[in-house]
file upload-v6.csv (CSV, C-alpha atoms)
chain,number,residue,atom,x,y,z
A,12,MET,CA,210.2,24.2,50.2
A,13,ARG,CA,212.8,25.8,52.5
A,14,TYR,CA,210.1,26.8,54.9
A,15,THR,CA,208.7,23.2,55.0
A,16,LEU,CA,212.2,21.9,55.8
A,17,SER,CA,212.8,24.3,58.6
A,18,LEU,CA,209.4,23.5,60.0
A,19,LEU,CA,210.3,19.8,59.9
A,20,CYS,CA,213.6,20.4,61.7
A,21,LEU,CA,211.8,22.4,64.3
A,22,GLY,CA,209.3,19.6,64.7
A,23,LEU,CA,212.1,17.0,65.1
A,24,ALA,CA,213.9,19.2,67.7
A,25,LEU,CA,210.7,19.4,69.7
A,26,ALA,CA,210.1,15.7,69.4
A,27,THR,CA,213.3,14.9,71.3
A,28,PRO,CA,212.2,13.3,74.5
A,29,LEU,CA,212.8,15.2,77.7
A,30,VAL,CA,213.5,13.7,81.0
A,31,GLN,CA,210.4,14.0,83.2
A,32,ALA,CA,210.2,14.6,86.9
A,33,ALA,CA,208.1,12.2,89.0
A,34,ASP,CA,204.4,13.2,88.9
A,35,ASN,CA,202.7,14.9,91.7
A,36,GLU,CA,199.2,13.6,92.2
A,37,ALA,CA,196.1,15.3,93.3
A,38,SER,CA,192.5,14.3,93.3
A,39,LEU,CA,189.0,15.8,93.2
A,40,THR,CA,185.6,14.3,93.8
A,41,ILE,CA,182.3,15.4,92.2
A,42,LYS,CA,179.2,14.6,94.3
A,43,ASP,CA,175.8,16.3,94.1
A,44,HIS,CA,177.2,18.5,91.3
A,45,GLN,CA,179.9,20.0,93.6
A,46,PHE,CA,183.6,19.6,93.7
A,47,SER,CA,185.4,18.6,96.9
A,48,PRO,CA,187.7,19.9,97.9
A,49,ALA,CA,186.5,23.2,96.4
A,50,GLU,CA,190.0,24.5,96.8
A,51,LEU,CA,192.8,22.2,95.8
A,52,LYS,CA,196.4,23.1,96.8
A,53,VAL,CA,199.1,21.9,94.6
A,54,PRO,CA,202.8,22.6,94.4
A,55,ALA,CA,203.7,25.4,91.9
A,56,ASN,CA,206.1,24.9,88.9
A,57,GLN,CA,205.5,21.2,88.7
A,58,ARG,CA,203.4,18.9,86.5
A,59,ILE,CA,200.4,17.5,88.3
A,60,LYS,CA,198.4,14.4,87.6
A,61,LEU,CA,194.9,15.3,88.6
A,62,THR,CA,192.3,12.5,89.0
A,63,VAL,CA,188.7,13.6,89.1
A,64,HIS,CA,186.1,11.1,90.3
A,65,ASN,CA,182.5,11.8,89.3
A,66,GLN,CA,180.3,10.1,91.8
A,67,ASP,CA,177.1,11.5,90.4
A,68,SER,CA,174.7,9.6,88.2
A,69,SER,CA,175.1,12.1,85.3
A,70,ALA,CA,178.1,13.1,83.2
A,71,GLU,CA,180.1,16.3,84.0
A,72,GLU,CA,182.7,18.2,82.1
A,73,PHE,CA,185.6,19.5,84.0
A,74,GLU,CA,186.5,22.8,82.5
A,75,SER,CA,189.0,25.6,83.3
A,76,HIS,CA,189.9,28.5,81.1
A,77,SER,CA,192.9,29.5,83.2
A,78,LEU,CA,194.3,25.9,83.3
A,79,ASN,CA,193.3,25.6,79.6
A,80,ARG,CA,191.7,22.2,80.2
A,81,GLU,CA,188.4,20.5,79.5
A,82,LYS,CA,187.5,16.9,79.9
A,83,LEU,CA,184.2,15.0,80.0
A,84,ILE,CA,183.7,12.6,82.9
A,85,PRO,CA,180.9,10.0,82.5
A,86,ALA,CA,178.7,9.2,85.5
A,87,GLY,CA,180.6,7.2,88.1
A,88,ALA,CA,183.9,7.4,86.1
A,89,LYS,CA,187.3,8.6,87.0
A,90,ALA,CA,189.3,10.9,84.6
A,91,VAL,CA,192.9,11.8,84.6
A,92,ILE,CA,194.0,15.3,83.5
A,93,PHE,CA,197.5,16.5,83.5
A,94,ILE,CA,198.0,20.2,84.5
A,95,GLY,CA,200.8,22.6,85.0
A,96,PRO,CA,203.6,23.4,85.6
A,97,LEU,CA,201.7,26.4,87.2
A,98,LYS,CA,203.0,29.7,88.4
A,99,PRO,CA,201.9,30.4,92.0
A,100,GLY,CA,198.3,31.6,91.9
A,101,ARG,CA,194.6,30.7,91.8
A,102,TYR,CA,193.2,28.8,88.8
A,103,ASP,CA,189.4,28.6,88.8
A,104,PHE,CA,187.6,25.5,87.4
A,105,PHE,CA,184.0,24.6,87.0
A,106,GLY,CA,181.7,21.8,85.8
A,107,GLU,CA,180.4,22.9,82.5
A,108,PHE,CA,177.2,20.9,82.8
A,109,ASN,CA,176.3,22.4,86.3
A,110,PRO,CA,178.1,25.7,86.3
A,111,ASN,CA,176.0,27.1,89.1
A,112,THR,CA,177.0,24.6,91.8
A,113,ALA,CA,180.1,22.9,90.5
A,114,LYS,CA,182.9,25.5,91.1
A,115,GLY,CA,186.3,25.3,92.5
A,116,ALA,CA,189.9,26.4,92.2
A,117,VAL,CA,193.4,25.0,92.1
A,118,ILE,CA,195.8,27.0,94.3
A,119,ALA,CA,199.4,26.6,93.2
A,120,GLN,CA,201.9,27.6,95.8
B,27,MET,CA,166.2,26.5,80.8
B,28,PHE,CA,168.5,29.3,79.8
B,29,GLY,CA,171.6,27.5,81.1
B,30,THR,CA,170.6,24.4,79.2
B,31,GLY,CA,170.1,26.3,76.0
B,32,LEU,CA,173.4,28.0,76.3
B,33,ILE,CA,175.4,24.8,76.7
B,34,VAL,CA,173.6,23.1,73.8
B,35,PHE,CA,174.1,26.3,71.7
B,36,ARG,CA,177.9,26.3,72.4
B,37,GLU,CA,178.3,22.6,71.5
B,38,THR,CA,176.1,23.0,68.3
B,39,LEU,CA,177.8,26.3,67.2
B,40,GLU,CA,181.2,24.9,66.5
B,41,ALA,CA,179.9,22.0,64.4
B,42,ALA,CA,177.4,24.2,62.6
B,43,LEU,CA,180.0,26.8,61.7
B,44,PHE,CA,182.2,24.1,60.4
B,45,VAL,CA,179.5,22.6,58.2
B,46,GLY,CA,178.4,26.1,57.1
B,47,ILE,CA,181.9,27.0,55.9
B,48,LEU,CA,182.4,23.6,54.1
B,49,ALA,CA,179.0,24.0,52.5
B,50,ALA,CA,180.1,27.4,51.1
B,51,ALA,CA,183.5,26.0,50.0
B,52,THR,CA,181.7,23.3,48.0
B,53,GLN,CA,179.2,25.6,46.5
B,54,GLY,CA,177.9,24.5,43.1
B,55,VAL,CA,179.4,21.0,43.3
B,56,ALA,CA,177.0,18.4,42.1
B,57,GLN,CA,175.6,16.2,44.8
B,58,ARG,CA,177.4,18.1,47.5
B,59,THR,CA,174.3,18.6,49.7
B,60,ARG,CA,173.8,14.9,49.7
B,61,TRP,CA,177.4,14.3,50.8
B,62,LEU,CA,177.2,17.0,53.5
B,63,ALA,CA,174.0,15.5,54.8
B,64,LEU,CA,175.6,12.1,54.9
B,65,GLY,CA,178.4,13.5,56.9
B,66,VAL,CA,176.0,15.1,59.4
B,67,ALA,CA,173.9,11.9,59.7
B,68,LEU,CA,177.0,9.8,60.3
B,69,GLY,CA,178.2,12.3,62.9
B,70,VAL,CA,174.9,12.3,64.7
B,71,ALA,CA,174.6,8.4,64.7
B,72,GLY,CA,178.2,8.2,65.9
B,73,SER,CA,177.5,10.7,68.7
B,74,LEU,CA,174.7,8.5,70.0
B,75,LEU,CA,176.9,5.5,69.9
B,76,LEU,CA,179.9,7.2,71.5
B,77,ALA,CA,177.8,8.8,74.2
B,78,GLY,CA,176.3,5.4,75.0
B,79,ALA,CA,179.7,3.8,75.2
B,80,MET,CA,181.5,6.7,76.9
B,81,GLU,CA,181.8,5.0,80.3
B,82,GLN,CA,183.7,2.1,78.7
B,83,VAL,CA,185.6,4.3,76.3
B,84,SER,CA,186.8,6.5,79.2
B,85,SER,CA,188.3,3.5,81.0
B,86,TRP,CA,190.5,2.5,78.1
B,87,ALA,CA,194.2,3.2,78.1
B,88,ASN,CA,194.4,3.8,81.8
B,89,GLY,CA,191.6,6.4,81.8
B,90,PHE,CA,192.8,8.1,78.6
B,91,GLY,CA,190.4,6.4,76.3
B,92,GLN,CA,188.4,9.6,75.6
B,93,ASP,CA,191.6,11.5,74.8
B,94,LEU,CA,192.6,8.7,72.5
B,95,VAL,CA,189.2,9.0,70.7
B,96,ASN,CA,189.6,12.8,70.5
B,97,LEU,CA,193.1,12.4,69.1
B,98,VAL,CA,191.9,10.0,66.3
B,99,VAL,CA,188.8,12.1,65.5
B,100,LEU,CA,190.7,15.4,65.4
B,101,SER,CA,193.6,13.9,63.4
B,102,VAL,CA,191.3,12.3,60.8
B,103,ALA,CA,189.3,15.6,60.4
B,104,LEU,CA,192.5,17.5,60.1
B,105,PHE,CA,193.9,15.2,57.5
B,106,MET,CA,190.7,15.3,55.4
B,107,LEU,CA,190.7,19.1,55.5
B,108,ALA,CA,194.3,19.2,54.4
B,109,TRP,CA,193.6,16.8,51.6
B,110,HIS,CA,190.6,18.8,50.4
B,111,SER,CA,192.6,22.1,50.6
B,112,ILE,CA,195.5,20.8,48.6
B,113,TRP,CA,193.2,19.0,46.1
B,114,VAL,CA,191.3,22.2,45.5
B,115,SER,CA,194.6,24.1,44.8
B,116,ALA,CA,195.7,21.4,42.3
B,117,HIS,CA,192.5,22.2,40.4
B,118,ALA,CA,192.4,25.9,41.1
B,119,ARG,CA,192.8,27.0,37.5
B,120,GLU,CA,190.0,24.9,35.9
B,121,MET,CA,187.9,25.7,38.9
B,122,SER,CA,188.2,29.5,38.6
B,123,ALA,CA,187.7,29.3,34.9
B,124,GLN,CA,184.5,27.3,35.3
B,125,ALA,CA,183.4,29.5,38.2
B,126,GLN,CA,183.6,32.5,35.9
B,127,GLN,CA,181.8,30.8,33.1
B,128,LEU,CA,179.1,29.0,35.0
B,129,GLY,CA,179.1,30.8,38.3
B,130,GLN,CA,179.8,27.5,39.9
B,131,ASN,CA,182.4,25.1,40.9
B,132,ALA,CA,181.6,22.0,38.8
B,133,ALA,CA,185.3,21.0,38.3
B,134,LEU,CA,185.5,20.1,42.0
B,135,GLY,CA,183.2,17.2,41.2
B,136,GLU,CA,183.0,14.4,43.7
B,137,GLY,CA,186.7,13.9,43.6
B,138,THR,CA,187.2,15.3,47.1
B,139,LEU,CA,183.7,15.4,48.6
B,140,TRP,CA,184.3,12.2,50.5
B,141,ALA,CA,187.0,13.9,52.4
B,142,VAL,CA,184.6,16.8,53.3
B,143,THR,CA,182.0,14.2,54.3
B,144,VAL,CA,184.4,12.5,56.7
B,145,ALA,CA,185.6,15.8,58.2
B,146,VAL,CA,182.0,16.9,58.8
B,147,ALA,CA,181.2,13.5,60.4
B,148,MET,CA,184.2,13.8,62.7
B,149,THR,CA,183.3,17.3,63.8
B,150,VAL,CA,179.6,16.5,64.4
B,151,LEU,CA,180.7,13.4,66.3
B,152,ARG,CA,183.0,15.3,68.6
B,153,GLU,CA,180.5,18.0,69.6
B,154,GLY,CA,177.5,15.8,69.4
B,155,ALA,CA,178.6,13.1,71.9
B,156,GLU,CA,179.1,15.8,74.6
B,157,THR,CA,175.7,17.3,73.9
B,158,VAL,CA,174.0,13.9,74.1
B,159,LEU,CA,175.7,13.2,77.5
B,160,PHE,CA,174.7,16.6,78.8
B,161,VAL,CA,171.1,16.3,77.8
B,162,THR,CA,170.7,12.7,78.9
B,163,GLY,CA,172.3,13.6,82.3
B,164,LEU,CA,169.7,16.4,82.7
B,165,MET,CA,166.9,14.1,81.8
B,166,SER,CA,167.9,11.6,84.5
B,167,GLY,CA,168.4,13.9,87.4
B,168,SER,CA,167.5,17.5,87.0
B,169,PRO,CA,165.0,19.5,89.1
B,170,GLU,CA,164.0,21.3,85.9
B,171,HIS,CA,160.6,20.6,84.3
B,172,PRO,CA,161.0,18.3,81.2
B,173,MET,CA,159.2,20.9,79.1
B,174,ALA,CA,161.7,23.6,80.1
B,175,LEU,CA,164.5,21.1,79.4
B,176,ALA,CA,163.1,20.4,75.9
B,177,VAL,CA,162.6,24.1,75.1
B,178,GLY,CA,166.1,24.9,76.3
B,179,THR,CA,167.7,22.1,74.3
B,180,LEU,CA,165.8,22.8,71.1
B,181,SER,CA,166.3,26.6,71.2
B,182,GLY,CA,170.1,26.1,71.8
B,183,LEU,CA,170.2,23.6,68.9
B,184,ALA,CA,168.2,26.0,66.7
B,185,LEU,CA,170.3,29.0,67.5
B,186,GLY,CA,173.5,27.1,66.8
B,187,LEU,CA,172.2,25.8,63.5
B,188,LEU,CA,171.1,29.3,62.6
B,189,ALA,CA,174.7,30.6,63.1
B,190,GLY,CA,175.9,27.9,60.7
B,191,TRP,CA,173.2,28.8,58.2
B,192,LEU,CA,174.0,32.5,58.5
B,193,ILE,CA,177.7,32.1,57.7
B,194,TYR,CA,176.8,29.9,54.8
B,195,ARG,CA,174.4,32.5,53.4
B,196,GLY,CA,176.8,35.3,54.1
B,197,LEU,CA,179.5,33.5,52.1
B,198,GLY,CA,177.0,32.8,49.4
B,199,ARG,CA,176.7,36.5,48.8
B,200,VAL,CA,180.3,36.8,47.8
B,201,GLN,CA,181.0,36.8,44.1
B,202,PRO,CA,181.9,33.2,42.9
B,203,LYS,CA,185.2,34.5,41.6
B,204,ARG,CA,186.3,35.6,45.1
B,205,LEU,CA,184.4,33.0,47.1
B,206,PHE,CA,186.9,30.2,46.7
B,207,ALA,CA,189.8,32.5,47.7
B,208,ILE,CA,188.0,33.3,50.9
B,209,THR,CA,186.8,29.8,51.7
B,210,ASN,CA,190.3,28.4,51.0
B,211,VAL,CA,191.6,30.8,53.8
B,212,LEU,CA,188.7,29.8,56.1
B,213,LEU,CA,189.5,26.1,55.5
B,214,LEU,CA,193.1,26.7,56.4
B,215,LEU,CA,192.1,28.4,59.6
B,216,LEU,CA,189.7,25.6,60.5
B,217,ALA,CA,192.6,23.2,60.0
B,218,GLY,CA,194.7,25.3,62.3
B,219,SER,CA,192.0,25.2,64.8
B,220,LEU,CA,191.8,21.4,64.7
B,221,ALA,CA,195.6,21.3,65.1
B,222,SER,CA,195.4,23.6,68.1
B,223,GLN,CA,192.8,21.3,69.8
B,224,LEU,CA,194.9,18.3,68.9
B,225,ALA,CA,197.9,19.9,70.8
B,226,LYS,CA,195.6,20.6,73.8
B,227,THR,CA,194.5,16.9,73.9
B,228,LEU,CA,198.1,15.7,73.7
B,229,GLN,CA,199.1,18.0,76.6
B,230,GLN,CA,196.1,17.2,78.8
B,231,ALA,CA,196.9,13.4,78.5
B,232,ASP,CA,200.6,14.1,79.0
B,233,TRP,CA,201.5,12.5,75.7
B,234,LEU,CA,203.4,15.7,74.9
B,235,ALA,CA,204.6,17.5,77.9
B,236,TRP,CA,206.5,20.4,76.4
B,237,LEU,CA,205.6,24.0,75.7
B,238,GLY,CA,202.8,23.9,78.2
B,239,ASP,CA,203.2,27.5,79.2
B,240,THR,CA,200.5,29.9,78.3
B,241,ALA,CA,201.4,31.8,75.2
B,242,TRP,CA,199.1,34.8,76.0
B,243,ASP,CA,196.0,35.5,78.0
B,244,THR,CA,193.3,37.6,76.5
B,245,SER,CA,190.5,36.2,78.6
B,246,SER,CA,189.8,39.7,80.1
B,247,LEU,CA,189.5,41.2,76.7
B,248,LEU,CA,187.7,38.5,74.9
B,249,SER,CA,186.8,35.4,76.9
B,250,ASN,CA,186.0,32.0,75.5
B,251,ASP,CA,182.5,32.2,77.0
B,252,SER,CA,181.5,35.5,75.3
B,253,LEU,CA,179.5,35.2,72.1
B,254,PRO,CA,182.2,36.8,69.9
B,255,GLY,CA,184.8,34.5,71.6
B,256,MET,CA,182.6,31.5,70.8
B,257,LEU,CA,182.1,32.6,67.2
B,258,LEU,CA,185.8,33.3,66.7
B,259,HIS,CA,186.6,30.0,68.2
B,260,GLY,CA,184.3,28.3,65.7
B,261,VAL,CA,185.6,30.2,62.7
B,262,VAL,CA,189.4,30.8,63.3
B,263,GLY,CA,190.0,28.6,66.4
B,264,TYR,CA,190.4,31.5,68.8
B,265,ASP,CA,191.4,30.5,72.3
B,266,ALA,CA,191.8,33.1,75.1
B,267,SER,CA,194.8,31.4,76.8
B,268,PRO,CA,196.4,28.9,74.5
B,269,SER,CA,199.6,27.0,75.3
B,270,LEU,CA,202.7,27.6,73.3
B,271,LEU,CA,202.3,24.1,71.8
B,272,GLN,CA,198.8,25.0,70.5
B,273,VAL,CA,200.1,28.1,68.8
B,274,LEU,CA,203.0,26.2,67.3
B,275,PHE,CA,200.6,23.5,66.0
B,276,TYR,CA,198.3,26.1,64.6
B,277,LEU,CA,201.0,28.0,62.8
B,278,ALA,CA,202.8,24.9,61.5
B,279,THR,CA,199.6,23.4,60.2
B,280,THR,CA,198.3,26.5,58.4
B,281,LEU,CA,201.8,27.2,57.0
B,282,LEU,CA,202.4,23.6,55.8
B,283,ILE,CA,199.0,23.3,54.1
B,284,GLY,CA,199.1,26.9,52.8
B,285,LEU,CA,202.6,26.5,51.3
B,286,SER,CA,201.9,23.0,49.9
B,287,ALA,CA,198.8,24.4,48.3
B,288,ARG,CA,200.7,27.4,46.8
B,289,HIS,CA,203.5,25.1,45.6
B,290,ILE,CA,201.0,22.9,43.8
B,291,ARG,CA,199.1,25.9,42.4
B,292,MET,CA,202.3,27.2,40.9
B,293,HIS,CA,203.5,23.8,39.6
B,294,PRO,CA,200.3,22.0,38.7
B,295,PRO,CA,200.7,18.3,38.5
B,296,GLY,CA,200.9,16.6,35.1
B,297,ARG,CA,201.3,19.8,33.0
call {"tool": "encode", "arguments": {"input": "upload-v6.csv", "output": "structure tokens"}}
result
Amino acid sequence: MRYTLSLLCLGLALATPLVQAADNEASLTIKDHQFSPAELKVPANQRIKLTVHNQDSSAEEFESHSLNREKLIPAGAKAVIFIGPLKPGRYDFFGEFNPNTAKGAVIAQ
Amino acid sequence: MFGTGLIVFRETLEAALFVGILAAATQGVAQRTRWLALGVALGVAGSLLLAGAMEQVSSWANGFGQDLVNLVVLSVALFMLAWHSIWVSAHAREMSAQAQQLGQNAALGEGTLWAVTVAVAMTVLREGAETVLFVTGLMSGSPEHPMALAVGTLSGLALGLLAGWLIYRGLGRVQPKRLFAITNVLLLLLAGSLASQLAKTLQQADWLAWLGDTAWDTSSLLSNDSLPGMLLHGVVGYDASPSLLQVLFYLATTLLIGLSARHIRMHPPGR
């Protein structure tokens, strides 16, 4: 029971809202199963609101292991994915449904 | 063809392993095959509906409709697994007595099978909708020959299902006395895996912004895309580079369910 209580306390402590900085926005487009821009520069150490617009007529899944993100984007739809804060570096992403052509990277600097 | 098969395999694998483990965990329960089949059928029907409505769904909640659906689907599956695990613990004694006498698990009865059915339906739904969208996308605009597409899709599906069947048969070889101790642990880990994916969904939609830092990165040792990585993901929820929040959710869930189950086992209700 004591474990349960301490876990609950931990949960409550984590649930305390934190003040958030204004979002940085970035956007990507998918067309002909390719991302553009293929390299997307974003500021490091900040939370980024990434909008991905799929202009193809088939669905795509935005996926990145290093960003730890995956999201399905239906044909013609826009999806919003929050990423970061990122340490400076290169984070590859790809389209899971067209991995041969849909490739790109987020560059945090 | 190969690429198509691989993606369908990956989507099928997670759901198939889930169903395989739950089938082993409900071994010997009357009517359980029918309940599991119902769960799979509901999941498949739901996948087709969800895939068809994905465009509308995605635009809900300012573009977070899909995350909202994932959140609900994952939470319901998690709750059902937790319910089943705790229910099983509450009846552990009669179950193991019966398992020894009859080599089966009749005490489980249908008391908790509905929870298993819902959990299966939710998991099949989640993986299935993605697969449907992927395959229909290929059908509409792929340079590949339709035959190659069909072969790729069906072989990916078959291999995924085979993996689920193998884990079921593998667990079936365990002595009944030990089987439920093992499946109880596996159910706990599946619950942890659902909780970890729940955390990821919350972070990706910015509904929970803390503890986003990567807890560890073992992608060079065992990547998410390797076969062992995929299998481990399906069975224990392995992730090569999880966030701290995912790890916290995983640990908190397995501990909470595990400790509640232990508490109930030691103080059985109504005795």
call {"tool": "closest_atom_pairs", "arguments": {"input": "upload-v6.csv", "of": "chain B", "to": "chain A", "cutoff": "7 Å", "atoms": "only C-alpha atoms", "output": "CSV"}}
result
residue,atom,partner,partner_atom,distance
B:Met80,CA,A:Pro85,CA,6.5
B:Glu81,CA,A:Pro85,CA,5.5
B:Gly89,CA,A:Ala90,CA,5.8
B:Leu159,CA,A:Ala70,CA,6.2
B:Phe160,CA,A:Phe108,CA,6.4
B:Gly163,CA,A:Ser69,CA,4.4
B:Gln230,CA,A:Phe93,CA,5.0
B:Ala231,CA,A:Phe93,CA,5.9
B:Asp232,CA,A:Phe93,CA,6.0
B:Ser267,CA,A:Asn79,CA,6.6
B:Pro268,CA,A:Asn79,CA,6.8
B:Ala278,CA,A:Leu18,CA,6.9
B:Leu282,CA,A:Thr15,CA,6.4
call {"tool": "closest_residue", "arguments": {"input": "upload-v6.csv", "among": "A:Asn56, A:Gln66, A:Ser75, A:Ser38", "to": "Ala119 of chain A", "atoms": "all atoms listed in the file"}}
result
A:Asn56
call {"tool": "atom_distance", "arguments": {"input": "upload-v6.csv", "atom1": "atom CA of Pro99 of chain A", "atom2": "atom CA of Ser245 of chain B"}}
result
18.5 Å
call {"tool": "closest_residue", "arguments": {"input": "upload-v6.csv", "among": "B:Ala63, B:Ala116, B:Gly255, B:Arg152", "to": "Ser101 of chain B", "atoms": "all atoms listed in the file"}}
result
B:Arg152
call {"tool": "atom_distance", "arguments": {"input": "upload-v6.csv", "atom1": "atom CA of Gly182 of chain B", "atom2": "atom CA of Gly154 of chain B"}}
result
12.9 Å
call {"tool": "residues_around", "arguments": {"input": "upload-v6.csv", "residues": "Lys42 of chain A", "least_positions_apart": "2", "cutoff": "8 Å", "atoms": "only C-alpha atoms", "output": "PyMOL selection string"}}
result
chain A and resi 40+44-47+65-67
call {"tool": "atom_distance", "arguments": {"input": "upload-v6.csv", "atom1": "atom CA of Glu36 of chain A", "atom2": "atom CA of Pro54 of chain A"}}
result
9.9 Å
call {"tool": "closest_residue", "arguments": {"input": "upload-v6.csv", "among": "B:Gln229, B:Thr30, B:Ser84, B:Thr138", "to": "Val55 of chain B", "atoms": "all atoms listed in the file"}}
result
B:Thr138
call {"tool": "residues_around", "arguments": {"input": "upload-v6.csv", "residues": "Leu39 of chain A", "least_positions_apart": "2", "cutoff": "8 Å", "atoms": "only C-alpha atoms", "output": "PyMOL selection string"}}
result
chain A and resi 37+41+46-48+51+61-64
call {"tool": "residues_around", "arguments": {"input": "upload-v6.csv", "residues": "segment 188-199 of chain B", "least_positions_apart": "5", "cutoff": "8 Å", "atoms": "only C-alpha atoms", "output": "count of residues only"}}
result
10
call {"tool": "build_atoms", "arguments": {"input": "upload-v6.csv", "residues": "segment 46-69 of chain A", "atoms": "N, CA and C atoms", "output": "tab-separated table (two decimals), keeping the file's coordinate frame"}}
result
chain	number	residue	atom	x	y	z
A	46	PHE	N	182.25	20.12	93.65
A	46	PHE	CA	183.60	19.60	93.70
A	46	PHE	C	184.05	19.55	95.19
A	47	SER	N	184.78	18.50	95.54
A	47	SER	CA	185.40	18.60	96.90
A	47	SER	C	186.82	17.96	96.74
A	48	PRO	N	187.84	18.58	97.28
A	48	PRO	CA	187.70	19.90	97.90
A	48	PRO	C	187.46	20.99	96.90
A	49	ALA	N	186.80	22.06	97.36
A	49	ALA	CA	186.50	23.20	96.40
A	49	ALA	C	187.78	23.95	96.14
A	50	GLU	N	188.74	23.91	97.09
A	50	GLU	CA	190.00	24.50	96.80
A	50	GLU	C	191.10	23.45	96.95
A	51	LEU	N	191.83	23.25	95.87
A	51	LEU	CA	192.80	22.20	95.80
A	51	LEU	C	194.20	22.79	95.78
A	52	LYS	N	195.00	22.53	96.83
A	52	LYS	CA	196.40	23.10	96.80
A	52	LYS	C	197.32	22.15	96.17
A	53	VAL	N	198.13	22.70	95.27
A	53	VAL	CA	199.10	21.90	94.60
A	53	VAL	C	200.45	22.66	94.55
A	54	PRO	N	201.57	21.94	94.44
A	54	PRO	CA	202.80	22.60	94.40
A	54	PRO	C	202.97	23.40	93.03
A	55	ALA	N	203.55	24.61	93.11
A	55	ALA	CA	203.70	25.40	91.90
A	55	ALA	C	204.91	24.85	91.08
A	56	ASN	N	204.95	25.21	89.81
A	56	ASN	CA	206.10	24.90	88.90
A	56	ASN	C	206.33	23.38	88.74
A	57	GLN	N	205.29	22.59	88.91
A	57	GLN	CA	205.50	21.20	88.70
A	57	GLN	C	204.26	20.62	87.91
A	58	ARG	N	204.52	19.53	87.20
A	58	ARG	CA	203.40	18.90	86.50
A	58	ARG	C	202.61	18.07	87.45
A	59	ILE	N	201.30	18.17	87.37
A	59	ILE	CA	200.40	17.50	88.30
A	59	ILE	C	199.47	16.56	87.62
A	60	LYS	N	199.37	15.36	88.18
A	60	LYS	CA	198.40	14.40	87.60
A	60	LYS	C	197.15	14.50	88.49
A	61	LEU	N	196.12	15.07	87.89
A	61	LEU	CA	194.90	15.30	88.60
A	61	LEU	C	193.84	14.27	88.26
A	62	THR	N	193.36	13.54	89.28
A	62	THR	CA	192.30	12.50	89.00
A	62	THR	C	190.98	13.11	89.53
A	63	VAL	N	189.98	13.08	88.67
A	63	VAL	CA	188.70	13.60	89.10
A	63	VAL	C	187.68	12.42	89.04
A	64	HIS	N	187.06	12.18	90.18
A	64	HIS	CA	186.10	11.10	90.30
A	64	HIS	C	184.70	11.62	90.35
A	65	ASN	N	183.92	11.28	89.33
A	65	ASN	CA	182.50	11.80	89.30
A	65	ASN	C	181.62	10.73	89.93
A	66	GLN	N	181.14	11.04	91.13
A	66	GLN	CA	180.30	10.10	91.80
A	66	GLN	C	178.81	10.30	91.60
A	67	ASP	N	178.50	11.26	90.72
A	67	ASP	CA	177.10	11.50	90.40
A	67	ASP	C	176.61	10.50	89.36
A	68	SER	N	175.29	10.52	89.15
A	68	SER	CA	174.70	9.60	88.20
A	68	SER	C	174.55	10.25	86.81
A	69	SER	N	175.14	11.44	86.64
A	69	SER	CA	175.10	12.10	85.30
A	69	SER	C	176.54	12.56	84.98
